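Undergrad: PDB, C-alpha atoms and all ligand atoms, saved as data-v3.pdb, coming up:
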ATOM      1  CA  ALA P   1      31.770  -2.941-195.354
ATOM      2  CA  LYS P   2      29.083  -4.375-197.567
ATOM      3  CA  LYS P   3      25.983  -2.528-198.488
ATOM      4  CA  ARG P   4      22.900  -4.210-197.171
ATOM      5  CA  GLY P   5      19.656  -2.493-197.998
ATOM      6  CA  ARG P   6      19.354   1.224-197.506
ATOM      7  CA  ASN P   7      21.959   2.748-195.215
ATOM      8  CA  GLN P   8      22.654  -0.576-193.579
ATOM      9  CA  TYR P   9      26.165  -1.869-193.433
ATOM     10  CA  ILE P  10      27.576  -5.015-191.977
ATOM     11  CA  MET P  11      31.226  -4.961-191.153
ATOM     12  CA  CYS P  12      33.118  -7.909-192.499
ATOM     13  CA  THR P  13      36.252  -8.274-190.394
ATOM     14  CA  PRO P  14      38.989 -10.407-191.932
ATOM     15  CA  SER P  15      38.378 -13.250-189.498
ATOM     16  CA  LEU P  16      34.625 -13.181-189.988
ATOM     17  CA  ARG P  17      35.147 -13.160-193.729
ATOM     18  CA  ALA P  18      37.511 -16.114-193.473
ATOM     19  CA  LEU P  19      34.960 -18.009-191.409
ATOM     20  CA  LEU P  20      32.149 -17.294-193.849
ATOM     21  CA  GLU P  21      34.319 -18.343-196.749
ATOM     22  CA  GLU P  22      35.336 -21.529-195.006
ATOM     23  CA  ASN P  23      31.741 -22.387-194.204
ATOM     24  CA  LEU P  24      30.722 -21.755-197.779
ATOM     25  CA  ARG P  25      33.505 -23.988-199.022
ATOM     26  CA  LEU P  26      32.583 -26.744-196.557
ATOM     27  CA  THR P  27      28.920 -26.510-197.498
ATOM     28  CA  ASN P  28      29.846 -26.956-201.156
ATOM     29  CA  TYR P  29      31.930 -30.006-200.320
ATOM     30  CA  LEU P  30      29.073 -31.353-198.201
ATOM     31  CA  TYR P  31      26.823 -31.586-201.232
ATOM     32  CA  THR P  32      28.994 -34.294-202.752
ATOM     33  CA  ALA P  33      30.193 -35.971-199.557
ATOM     34  CA  LEU P  34      27.435 -38.581-199.485
ATOM     35  CA  GLU P  35      27.840 -39.741-203.072
ATOM     36  CA  ASN P  36      31.623 -39.729-202.691
ATOM     37  CA  ASP P  37      31.329 -41.989-199.671
ATOM     38  CA  GLU P  38      33.173 -39.610-197.372
ATOM     39  CA  PHE P  39      31.060 -40.264-194.279
ATOM     40  CA  LEU P  40      31.606 -42.969-191.750
ATOM     41  CA  LEU P  41      30.353 -43.781-188.304
ATOM     42  CA  HIS P  42      32.271 -44.248-185.124
ATOM     43  CA  TYR P  43      30.684 -46.172-182.310
ATOM     44  CA  GLN P  44      31.116 -45.159-178.689
ATOM     45  CA  PRO P  45      30.345 -47.933-176.199
ATOM     46  CA  GLN P  46      27.917 -47.367-173.355
ATOM     47  CA  VAL P  47      28.862 -49.379-170.310
ATOM     48  CA  ASP P  48      26.835 -50.730-167.405
ATOM     49  CA  ILE P  49      29.294 -50.442-164.543
ATOM     50  CA  ARG P  50      27.531 -53.060-162.424
ATOM     51  CA  SER P  51      28.230 -55.805-164.952
ATOM     52  CA  ASP P  52      31.091 -54.090-166.806
ATOM     53  CA  LYS P  53      29.233 -54.959-169.988
ATOM     54  CA  ILE P  54      28.569 -52.887-173.047
ATOM     55  CA  THR P  55      24.849 -52.289-173.349
ATOM     56  CA  GLY P  56      24.921 -50.148-176.458
ATOM     57  CA  PHE P  57      26.779 -47.854-178.785
ATOM     58  CA  GLU P  58      26.176 -44.280-179.765
ATOM     59  CA  ALA P  59      26.683 -43.781-183.495
ATOM     60  CA  LEU P  60      28.756 -40.648-184.117
ATOM     61  CA  LEU P  61      29.135 -39.243-187.584
ATOM     62  CA  ARG P  62      32.576 -38.608-189.080
ATOM     63  CA  TRP P  63      33.433 -36.795-192.301
ATOM     64  CA  ASN P  64      36.719 -37.699-193.917
ATOM     65  CA  HIS P  65      37.318 -35.281-196.753
ATOM     66  CA  PRO P  66      40.033 -36.345-199.260
ATOM     67  CA  GLU P  67      41.891 -33.027-198.975
ATOM     68  CA  LEU P  68      40.807 -31.547-195.665
ATOM     69  CA  GLY P  69      40.909 -34.773-193.657
ATOM     70  CA  PHE P  70      38.574 -35.313-190.722
ATOM     71  CA  ILE P  71      36.221 -32.426-190.128
ATOM     72  CA  PRO P  72      34.625 -32.413-186.664
ATOM     73  CA  PRO P  73      30.837 -32.881-186.518
ATOM     74  CA  GLY P  74      30.503 -29.720-184.454
ATOM     75  CA  LYS P  75      31.675 -27.859-187.538
ATOM     76  CA  PHE P  76      29.809 -29.536-190.388
ATOM     77  CA  ILE P  77      26.547 -30.699-188.818
ATOM     78  CA  PRO P  78      25.334 -27.114-188.220
ATOM     79  CA  LEU P  79      26.091 -26.420-191.895
ATOM     80  CA  ALA P  80      24.222 -29.530-193.001
ATOM     81  CA  GLU P  81      21.318 -28.410-190.819
ATOM     82  CA  GLN P  82      21.130 -25.096-192.654
ATOM     83  CA  THR P  83      20.450 -26.958-195.867
ATOM     84  CA  ALA P  84      18.229 -29.913-196.649
ATOM     85  CA  LEU P  85      21.351 -32.056-196.585
ATOM     86  CA  ILE P  86      20.938 -33.129-192.976
ATOM     87  CA  ARG P  87      17.862 -35.152-193.914
ATOM     88  CA  HIS P  88      19.789 -37.225-196.429
ATOM     89  CA  ILE P  89      22.790 -37.534-194.164
ATOM     90  CA  GLY P  90      20.516 -38.407-191.247
ATOM     91  CA  ILE P  91      18.909 -41.251-193.160
ATOM     92  CA  TRP P  92      22.335 -42.491-194.207
ATOM     93  CA  VAL P  93      23.427 -42.498-190.535
ATOM     94  CA  LEU P  94      20.312 -44.386-189.507
ATOM     95  CA  LYS P  95      20.646 -46.997-192.247
ATOM     96  CA  THR P  96      24.346 -47.529-191.666
ATOM     97  CA  ALA P  97      23.993 -47.768-187.889
ATOM     98  CA  CYS P  98      21.052 -50.196-188.050
ATOM     99  CA  ALA P  99      22.669 -52.357-190.733
ATOM    100  CA  GLN P 100      25.913 -52.545-188.744
ATOM    101  CA  THR P 101      24.125 -53.461-185.530
ATOM    102  CA  LYS P 102      22.198 -56.193-187.338
ATOM    103  CA  ALA P 103      25.393 -57.470-188.978
ATOM    104  CA  TRP P 104      27.019 -57.824-185.541
ATOM    105  CA  GLN P 105      24.005 -59.737-184.281
ATOM    106  CA  ASP P 106      24.127 -62.018-187.314
ATOM    107  CA  LYS P 107      27.767 -62.747-186.535
ATOM    108  CA  GLY P 108      26.670 -64.025-183.141
ATOM    109  CA  LEU P 109      28.065 -61.104-181.157
ATOM    110  CA  PRO P 110      26.197 -60.053-178.001
ATOM    111  CA  PRO P 111      23.222 -57.936-179.097
ATOM    112  CA  VAL P 112      23.506 -54.285-178.105
ATOM    113  CA  LYS P 113      21.465 -51.200-178.696
ATOM    114  CA  ILE P 114      22.377 -48.493-181.145
ATOM    115  CA  ALA P 115      21.705 -44.849-180.282
ATOM    116  CA  VAL P 116      21.331 -42.488-183.232
ATOM    117  CA  ASN P 117      21.228 -38.687-182.977
ATOM    118  CA  LEU P 118      18.382 -36.871-184.659
ATOM    119  CA  SER P 119      18.533 -33.239-185.669
ATOM    120  CA  LEU P 120      15.674 -30.779-185.556
ATOM    121  CA  ALA P 121      15.375 -30.692-189.354
ATOM    122  CA  GLN P 122      14.869 -34.453-189.353
ATOM    123  CA  LEU P 123      12.264 -34.287-186.622
ATOM    124  CA  GLU P 124      10.397 -31.655-188.596
ATOM    125  CA  ASN P 125      10.299 -33.880-191.658
ATOM    126  CA  PRO P 126       6.757 -35.286-191.873
ATOM    127  CA  ASN P 127       8.110 -38.474-193.462
ATOM    128  CA  LEU P 128      10.525 -39.251-190.642
ATOM    129  CA  VAL P 129       8.514 -41.983-188.896
ATOM    130  CA  GLN P 130       7.853 -43.665-192.227
ATOM    131  CA  GLN P 131      11.544 -43.463-193.132
ATOM    132  CA  VAL P 132      12.694 -44.891-189.819
ATOM    133  CA  SER P 133      10.184 -47.694-190.112
ATOM    134  CA  GLU P 134      11.448 -48.459-193.624
ATOM    135  CA  VAL P 135      15.045 -48.543-192.420
ATOM    136  CA  LEU P 136      14.075 -51.081-189.748
ATOM    137  CA  THR P 137      12.316 -53.247-192.307
ATOM    138  CA  GLU P 138      15.140 -52.942-194.791
ATOM    139  CA  THR P 139      17.905 -53.738-192.318
ATOM    140  CA  GLN P 140      15.793 -56.258-190.369
ATOM    141  CA  LEU P 141      17.002 -54.800-187.094
ATOM    142  CA  ASP P 142      14.523 -55.427-184.307
ATOM    143  CA  SER P 143      13.152 -52.051-183.203
ATOM    144  CA  SER P 144      13.925 -52.781-179.551
ATOM    145  CA  TYR P 145      17.608 -52.254-180.393
ATOM    146  CA  LEU P 146      17.132 -48.790-181.831
ATOM    147  CA  GLU P 147      17.370 -45.717-179.646
ATOM    148  CA  LEU P 148      16.842 -42.191-180.953
ATOM    149  CA  GLU P 149      18.426 -39.217-179.201
ATOM    150  CA  ILE P 150      16.794 -35.833-179.326
ATOM    151  CA  THR P 151      17.665 -32.722-177.348
ATOM    152  CA  GLU P 152      15.416 -30.795-175.018
ATOM    153  CA  ASN P 153      15.143 -27.736-177.233
ATOM    154  CA  MET P 154      14.012 -29.958-180.079
ATOM    155  CA  ALA P 155      11.379 -31.415-177.799
ATOM    156  CA  MET P 156      10.237 -27.967-176.731
ATOM    157  CA  LYS P 157       9.535 -26.814-180.252
ATOM    158  CA  GLU P 158       6.078 -27.546-181.596
ATOM    159  CA  THR P 159       5.366 -29.779-178.652
ATOM    160  CA  ASP P 160       2.111 -31.255-179.955
ATOM    161  CA  TYR P 161       3.688 -32.295-183.196
ATOM    162  CA  VAL P 162       6.759 -33.737-181.484
ATOM    163  CA  VAL P 163       4.606 -35.606-178.954
ATOM    164  CA  ASN P 164       2.845 -37.359-181.816
ATOM    165  CA  VAL P 165       6.063 -38.220-183.617
ATOM    166  CA  LEU P 166       7.539 -39.664-180.440
ATOM    167  CA  LYS P 167       4.373 -41.637-179.750
ATOM    168  CA  ASP P 168       4.644 -43.138-183.221
ATOM    169  CA  PHE P 169       8.234 -44.125-182.505
ATOM    170  CA  LYS P 170       7.179 -45.757-179.263
ATOM    171  CA  LYS P 171       4.479 -47.695-181.089
ATOM    172  CA  LEU P 172       7.227 -49.026-183.316
ATOM    173  CA  GLY P 173       9.114 -50.137-180.200
ATOM    174  CA  ILE P 174      11.923 -47.592-180.416
ATOM    175  CA  THR P 175      13.572 -46.085-177.325
ATOM    176  CA  ILE P 176      13.567 -42.287-177.010
ATOM    177  CA  THR P 177      16.350 -40.541-175.122
ATOM    178  CA  ILE P 178      16.663 -36.892-174.191
ATOM    179  CA  ASP P 179      20.281 -35.987-174.928
ATOM    180  CA  ASP P 180      22.280 -33.313-173.065
ATOM    181  CA  PHE P 181      19.661 -33.258-170.344
ATOM    182  CA  GLY P 182      19.818 -30.116-168.232
ATOM    183  CA  THR P 183      21.442 -27.790-170.739
ATOM    184  CA  ASP P 184      18.376 -26.216-172.302
ATOM    185  CA  PHE P 185      16.269 -26.525-169.215
ATOM    186  CA  SER P 186      13.471 -24.160-170.080
ATOM    187  CA  SER P 187      10.613 -26.051-168.531
ATOM    188  CA  LEU P 188      10.137 -29.410-166.881
ATOM    189  CA  ASN P 189       6.609 -29.518-168.180
ATOM    190  CA  PHE P 190       7.679 -31.282-171.349
ATOM    191  CA  LEU P 191       8.560 -34.322-169.260
ATOM    192  CA  LYS P 192       4.868 -34.675-168.511
ATOM    193  CA  GLN P 193       3.905 -34.571-172.152
ATOM    194  CA  LEU P 194       6.655 -36.412-173.951
ATOM    195  CA  PRO P 195       6.771 -40.179-174.038
ATOM    196  CA  ILE P 196      10.484 -40.544-173.316
ATOM    197  CA  ASP P 197      12.339 -43.589-171.966
ATOM    198  CA  LYS P 198      15.741 -42.317-171.019
ATOM    199  CA  MET P 199      17.741 -39.251-170.029
ATOM    200  CA  LYS P 200      21.339 -38.554-170.827
ATOM    201  CA  ILE P 201      23.053 -36.238-168.353
ATOM    202  CA  ALA P 202      24.879 -33.509-170.257
ATOM    203  CA  MET P 203      28.647 -33.633-170.219
ATOM    204  CA  PRO P 204      29.328 -30.203-168.621
ATOM    205  CA  PHE P 205      27.635 -31.300-165.372
ATOM    206  CA  VAL P 206      29.655 -34.504-165.291
ATOM    207  CA  HIS P 207      32.861 -32.534-165.802
ATOM    208  CA  GLY P 208      31.942 -30.009-163.126
ATOM    209  CA  MET P 209      30.241 -32.132-160.479
ATOM    210  CA  LEU P 210      33.321 -32.899-158.384
ATOM    211  CA  ASN P 211      34.425 -29.284-158.000
ATOM    212  CA  ASN P 212      31.356 -27.204-158.502
ATOM    213  CA  PRO P 213      28.526 -27.426-155.937
ATOM    214  CA  THR P 214      26.002 -26.154-158.475
ATOM    215  CA  ASP P 215      26.857 -28.903-160.945
ATOM    216  CA  GLU P 216      26.716 -31.416-158.120
ATOM    217  CA  ALA P 217      23.268 -30.182-157.095
ATOM    218  CA  ILE P 218      22.052 -30.359-160.691
ATOM    219  CA  ILE P 219      23.354 -33.904-161.121
ATOM    220  CA  ASN P 220      21.696 -34.958-157.875
ATOM    221  CA  MET P 221      18.461 -33.426-159.063
ATOM    222  CA  ILE P 222      18.610 -35.088-162.497
ATOM    223  CA  ILE P 223      19.291 -38.476-160.934
ATOM    224  CA  MET P 224      16.399 -38.106-158.508
ATOM    225  CA  LEU P 225      14.155 -36.916-161.292
ATOM    226  CA  SER P 226      14.960 -39.905-163.487
ATOM    227  CA  GLN P 227      14.322 -42.266-160.598
ATOM    228  CA  GLY P 228      11.045 -40.580-159.698
ATOM    229  CA  LEU P 229       9.881 -40.688-163.291
ATOM    230  CA  ASN P 230      11.124 -44.239-163.718
ATOM    231  CA  LEU P 231      13.320 -43.320-166.658
ATOM    232  CA  ASP P 232      16.571 -44.927-167.682
ATOM    233  CA  LEU P 233      19.614 -42.780-167.079
ATOM    234  CA  ILE P 234      23.051 -42.508-168.611
ATOM    235  CA  ALA P 235      25.894 -40.071-167.946
ATOM    236  CA  GLU P 236      28.139 -38.988-170.796
ATOM    237  CA  GLY P 237      31.619 -37.554-170.806
ATOM    238  CA  VAL P 238      32.877 -39.684-167.926
ATOM    239  CA  GLU P 239      36.647 -39.365-168.019
ATOM    240  CA  THR P 240      37.943 -40.240-164.553
ATOM    241  CA  HIS P 241      37.596 -42.908-161.920
ATOM    242  CA  GLU P 242      36.443 -40.273-159.414
ATOM    243  CA  GLN P 243      33.575 -39.291-161.703
ATOM    244  CA  LEU P 244      32.617 -42.944-162.041
ATOM    245  CA  LEU P 245      32.585 -43.449-158.265
ATOM    246  CA  PHE P 246      30.531 -40.317-157.768
ATOM    247  CA  LEU P 247      27.888 -41.539-160.210
ATOM    248  CA  ALA P 248      27.903 -45.110-158.921
ATOM    249  CA  ALA P 249      27.331 -43.854-155.380
ATOM    250  CA  ARG P 250      24.174 -42.197-156.665
ATOM    251  CA  ASP P 251      22.893 -45.254-158.519
ATOM    252  CA  CYS P 252      23.734 -43.967-161.973
ATOM    253  CA  HIS P 253      25.130 -47.122-163.520
ATOM    254  CA  GLN P 254      25.176 -46.429-167.208
ATOM    255  CA  VAL P 255      28.053 -44.371-168.488
ATOM    256  CA  GLN P 256      29.643 -43.321-171.728
ATOM    257  CA  GLY P 257      32.984 -41.576-171.910
ATOM    258  CA  TYR P 258      36.698 -41.597-172.516
ATOM    259  CA  TYR P 259      37.287 -43.319-169.162
ATOM    260  CA  PHE P 260      36.100 -46.517-170.839
ATOM    261  CA  PHE P 261      36.129 -45.902-174.569
ATOM    262  CA  LYS P 262      36.443 -43.158-177.133
ATOM    263  CA  PRO P 263      34.188 -43.377-180.174
ATOM    264  CA  LEU P 264      35.633 -46.358-182.069
ATOM    265  CA  PRO P 265      35.962 -47.166-185.767
ATOM    266  CA  VAL P 266      33.780 -50.079-186.780
ATOM    267  CA  LEU P 267      36.422 -52.810-186.548
ATOM    268  CA  GLU P 268      37.529 -51.732-183.097
ATOM    269  CA  ALA P 269      33.938 -51.587-181.923
ATOM    270  CA  GLU P 270      33.487 -55.110-183.202
ATOM    271  CA  LYS P 271      36.602 -56.175-181.307
ATOM    272  CA  VAL P 272      35.248 -54.946-177.974
ATOM    273  CA  LEU P 273      32.015 -56.834-178.604
ATOM    274  CA  LEU P 274      34.008 -59.940-179.404
ATOM    275  CA  GLU P 275      36.032 -59.569-176.219
ATOM    276  CA  MET P 276      32.828 -59.233-174.248
ATOM    277  CA  LYS P 277      31.636 -62.529-175.668
ATOM    278  CA  ASN P 278      34.728 -64.447-174.612
TER     279      ASN P 278
HETATM  280  P1  LIG P 301      26.607 -35.518-178.675
HETATM  281  O1  LIG P 301      25.431 -36.211-179.254
HETATM  282  O2  LIG P 301      26.430 -34.886-177.336
HETATM  283  O3  LIG P 301      27.775 -36.598-178.663
HETATM  284  C1  LIG P 301      28.715 -36.733-177.626
HETATM  285  C2  LIG P 301      30.017 -36.063-177.979
HETATM  286  O4  LIG P 301      30.902 -36.133-176.863
HETATM  287  C3  LIG P 301      30.771 -36.765-179.119
HETATM  288  O5  LIG P 301      31.443 -35.749-179.844
HETATM  289  C4  LIG P 301      31.773 -37.638-178.369
HETATM  290  O6  LIG P 301      32.886 -37.971-179.130
HETATM  291  C5  LIG P 301      32.104 -36.757-177.211
HETATM  292  N1  LIG P 301      32.564 -37.489-176.022
HETATM  293  C6  LIG P 301      32.217 -38.737-175.636
HETATM  294  N2  LIG P 301      32.818 -39.070-174.480
HETATM  295  C7  LIG P 301      33.570 -38.008-174.102
HETATM  296  C8  LIG P 301      34.410 -37.735-172.973
HETATM  297  O7  LIG P 301      34.605 -38.552-172.074
HETATM  298  N3  LIG P 301      34.986 -36.504-172.927
HETATM  299  C9  LIG P 301      34.806 -35.571-173.906
HETATM  300  N4  LIG P 301      35.421 -34.393-173.772
HETATM  301  N5  LIG P 301      34.011 -35.793-174.985
HETATM  302  C10 LIG P 301      33.402 -36.998-175.078
HETATM  303  P2  LIG P 301      31.443 -35.714-181.426
HETATM  304  O8  LIG P 301      31.539 -37.104-181.965
HETATM  305  O9  LIG P 301      32.465 -34.708-181.837
HETATM  306  O10 LIG P 301      29.999 -35.161-181.784
HETATM  307  C11 LIG P 301      29.626 -33.854-181.483
HETATM  308  C12 LIG P 301      28.163 -33.631-181.706
HETATM  309  O11 LIG P 301      27.833 -33.741-183.091
HETATM  310  C13 LIG P 301      27.273 -34.670-181.028
HETATM  311  O12 LIG P 301      27.150 -34.371-179.668
HETATM  312  C14 LIG P 301      25.991 -34.491-181.805
HETATM  313  O13 LIG P 301      25.276 -33.376-181.344
HETATM  314  C15 LIG P 301      26.506 -34.203-183.193
HETATM  315  N6  LIG P 301      26.448 -35.452-183.976
HETATM  316  C16 LIG P 301      27.351 -36.452-184.087
HETATM  317  N7  LIG P 301      26.912 -37.411-184.939
HETATM  318  C17 LIG P 301      25.671 -37.005-185.351
HETATM  319  C18 LIG P 301      24.685 -37.568-186.236
HETATM  320  O14 LIG P 301      24.828 -38.664-186.789
HETATM  321  N8  LIG P 301      23.543 -36.829-186.429
HETATM  322  C19 LIG P 301      23.336 -35.637-185.811
HETATM  323  N9  LIG P 301      22.186 -34.989-186.054
HETATM  324  N10 LIG P 301      24.225 -35.107-184.973
HETATM  325  C20 LIG P 301      25.386 -35.777-184.733
HETATM  326 CA    CA P 302      24.032 -37.724-178.577
HETATM  327 CA    CA P 303      25.158 -35.540-175.675
END
Please rewrite the model in this file as structure tokens.

TA:
Amino acid sequence: AKKRGRNQYIMCTPSLRALLEENLRLTNYLYTALENDEFLLHYQPQVDIRSDKITGFEALLRWNHPELGFIPPGKFIPLAEQTALIRHIGIWVLKTACAQTKAWQDKGLPPVKIAVNLSLAQLENPNLVQQVSEVLTETQLDSSYLELEITENMAMKETDYVVNVLKDFKKLGITITIDDFGTDFSSLNFLKQLPIDKMKIAMPFVHGMLNNPTDEAIINMIIMLSQGLNLDLIAEGVETHEQLLFLAARDCHQVQGYYFFKPLPVLEAEKVLLEMKN
């Protein structure tokens, strides 16, 4: 046990200690990961099942450490968020994703959108809109191809501030998507206030909808809600043909998931765009 203030002890079990030590080690490595060029993006296609065409990619961050190998984003992004690092990493992701999308367009490949995840720390950065606008100028990507994904709980925090940030993004011509829709469901009121364009149905509902009546009811509700609000809709985590049919029957035509594609390294993503062209 460690002493923590007067008469307060926290027990450090071996496994907790190991976890803390690992996180500390990873955080230290994170500080040099950017300059050492250890990050890369994978691109997961988003498919319109009516045309069987790719309409966009989601950029997903990967960290390839020289000794530890690939470290999953679920492990290192929370650590980056605890430090100021996520802001630098976030800008790197944005720049890389926009530059890549523009490069594909310049090669004559079919133009597609690029969806980039934002973290709360980025959204809270007062320079964010300025930075995003600079990235668009720098990379010369037309803003209509950029989509930013935020989660509900991010939207719920400091609503007035977030509303203004999102309005600024819309003025720039950027698409705003609520990611993992349905998971943090605290209030539907934010839908009235936030200028959003698109909802992404959270993966757990998609995985449960065929067997679990509650998940099915929630999916039905989300689809109706998106239609009533005239918002674009995409389902993520689609893995089976049955899931696809279920969504198609309910007029949800945009999907992302292993059924079609896993997140792809840049050259493979380029290949699927090339195949689409031919
Ligand atoms: P997310 O934004 O919800 O991304 C979707 C996750 O689901 C990705 O995991 C993707 O690989 C995975 N996925 C896609 N299709 C399927 C499927 O059919 N089945 C299953 N089981 N999984 C599927 P990934 O790449 O490990 O990313 C995890 C999370 O890390 C992301 O969840 C996102 O919250 C965060 N993340 C990733 N890249 C970034 C980034 O550049 N910035 C920020 N702030 N967060 C990121
Ligand atoms: Ca996402
Ligand atoms: Ca998601």

Undergrad: Could you tell me how far atom C2 of ligand LIG 301 (chain P) sits from CA of Thr96 (chain P), in Å to one decimal place?

TA: 18.7 Å

Undergrad: Grab the atom C8 of ligand LIG 301 (chain P) to CA of Phe261 (chain P) distance for me, in Å with one decimal place.

TA: 8.5 Å

Undergrad: Please check which protein, DNA or RNA residues sit within 7 Å of ligand CA 303 (chain P), counting all atoms listed in the file, and write them as a PyMOL selection string.

TA: chain P and resi 179-180+200+202-203+236

Undergrad: Just checking: using only C-alpha atoms, which residue out of P:Leu79, P:Thr101, P:Asn125, P:Gly56 ends up closest to Arg25 (chain P)?

TA: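 Nearest to Arg25 (chain P): P:Leu79.
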
Undergrad: Using all atoms listed in the file, find the one residue out of P:Phe169, P:Trp104, P:Tyr161, P:Phe205 that sits nearest to Leu136 (chain P).

TA: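 For Leu136 (chain P), the nearest of the candidates is P:Phe169.
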
Undergrad: Against ligand CA 302 (chain P), which residues of chain P fall within 8 Å? For each one I want the closest pair of atoms and the distance in Å (one decimal), counting only C-alpha atoms and all ligand atoms, rows by chain and increasing residue number, as a Markdown table.

TA:
| residue | atom | partner | partner_atom | distance |
| --- | --- | --- | --- | --- |
| P:Glu58 | CA | P:CA302 | CA | 7.0 |
| P:Leu60 | CA | P:CA302 | CA | 7.8 |
| P:Ala115 | CA | P:CA302 | CA | 7.7 |
| P:Val116 | CA | P:CA302 | CA | 7.2 |
| P:Asn117 | CA | P:CA302 | CA | 5.3 |
| P:Glu149 | CA | P:CA302 | CA | 5.8 |
| P:Ile150 | CA | P:CA302 | CA | 7.5 |
| P:Asp179 | CA | P:CA302 | CA | 5.5 |
| P:Asp180 | CA | P:CA302 | CA | 7.3 |

Undergrad: Need to verify the contact set: Gln122 (chain P), 9 Å, only C-alpha atoms, exclusion of same-chain residues closer than 2 positions in sequence. Can you return it as a VMD selection string?

TA: chain P and resid 81 86 to 87 90 to 91 118 to 120 124 to 128

Undergrad: Out of P:Thr27, P:Thr183, P:Gln100, P:Ser15, which residue has the shortest atom-to-atom distance to Leu146 (chain P) when counting all atoms listed in the file?

TA: P:Gln100

Undergrad: Quick one: which residues end up in the PyMOL selection byres (((chain P and resi 211-226) around 10) and not hetatm) for this structure, as a list in words?

TA: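 Applying the PyMOL selection byres (((chain P and resi 211-226) around 10) and not hetatm) to the structure shown produces Phe181, Gly182, Asp197, Lys198, Met199, Lys200, Ile201, Ala202, Pro204, Phe205, Val206, His207, Gly208, Met209, Leu210, Gln227, Gly228, Leu229, Asn230, Leu231, Asp232, Leu233, Ile234, Ala235, Phe246, Leu247, Arg250, Asp251 and Cys252 of chain P.
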
Undergrad: What is the CA of Val165 (chain P)-atom C18 of ligand LIG 301 (chain P) distance in Å, reported with one decimal?

TA: 18.8 Å

Undergrad: Mind checking which residues fall within 8 Å of Ala269 (chain P), counting only C-alpha atoms, ignoring those fewer than 3 positions away in the same chain, and posting them as a count of residues only?

TA: 8
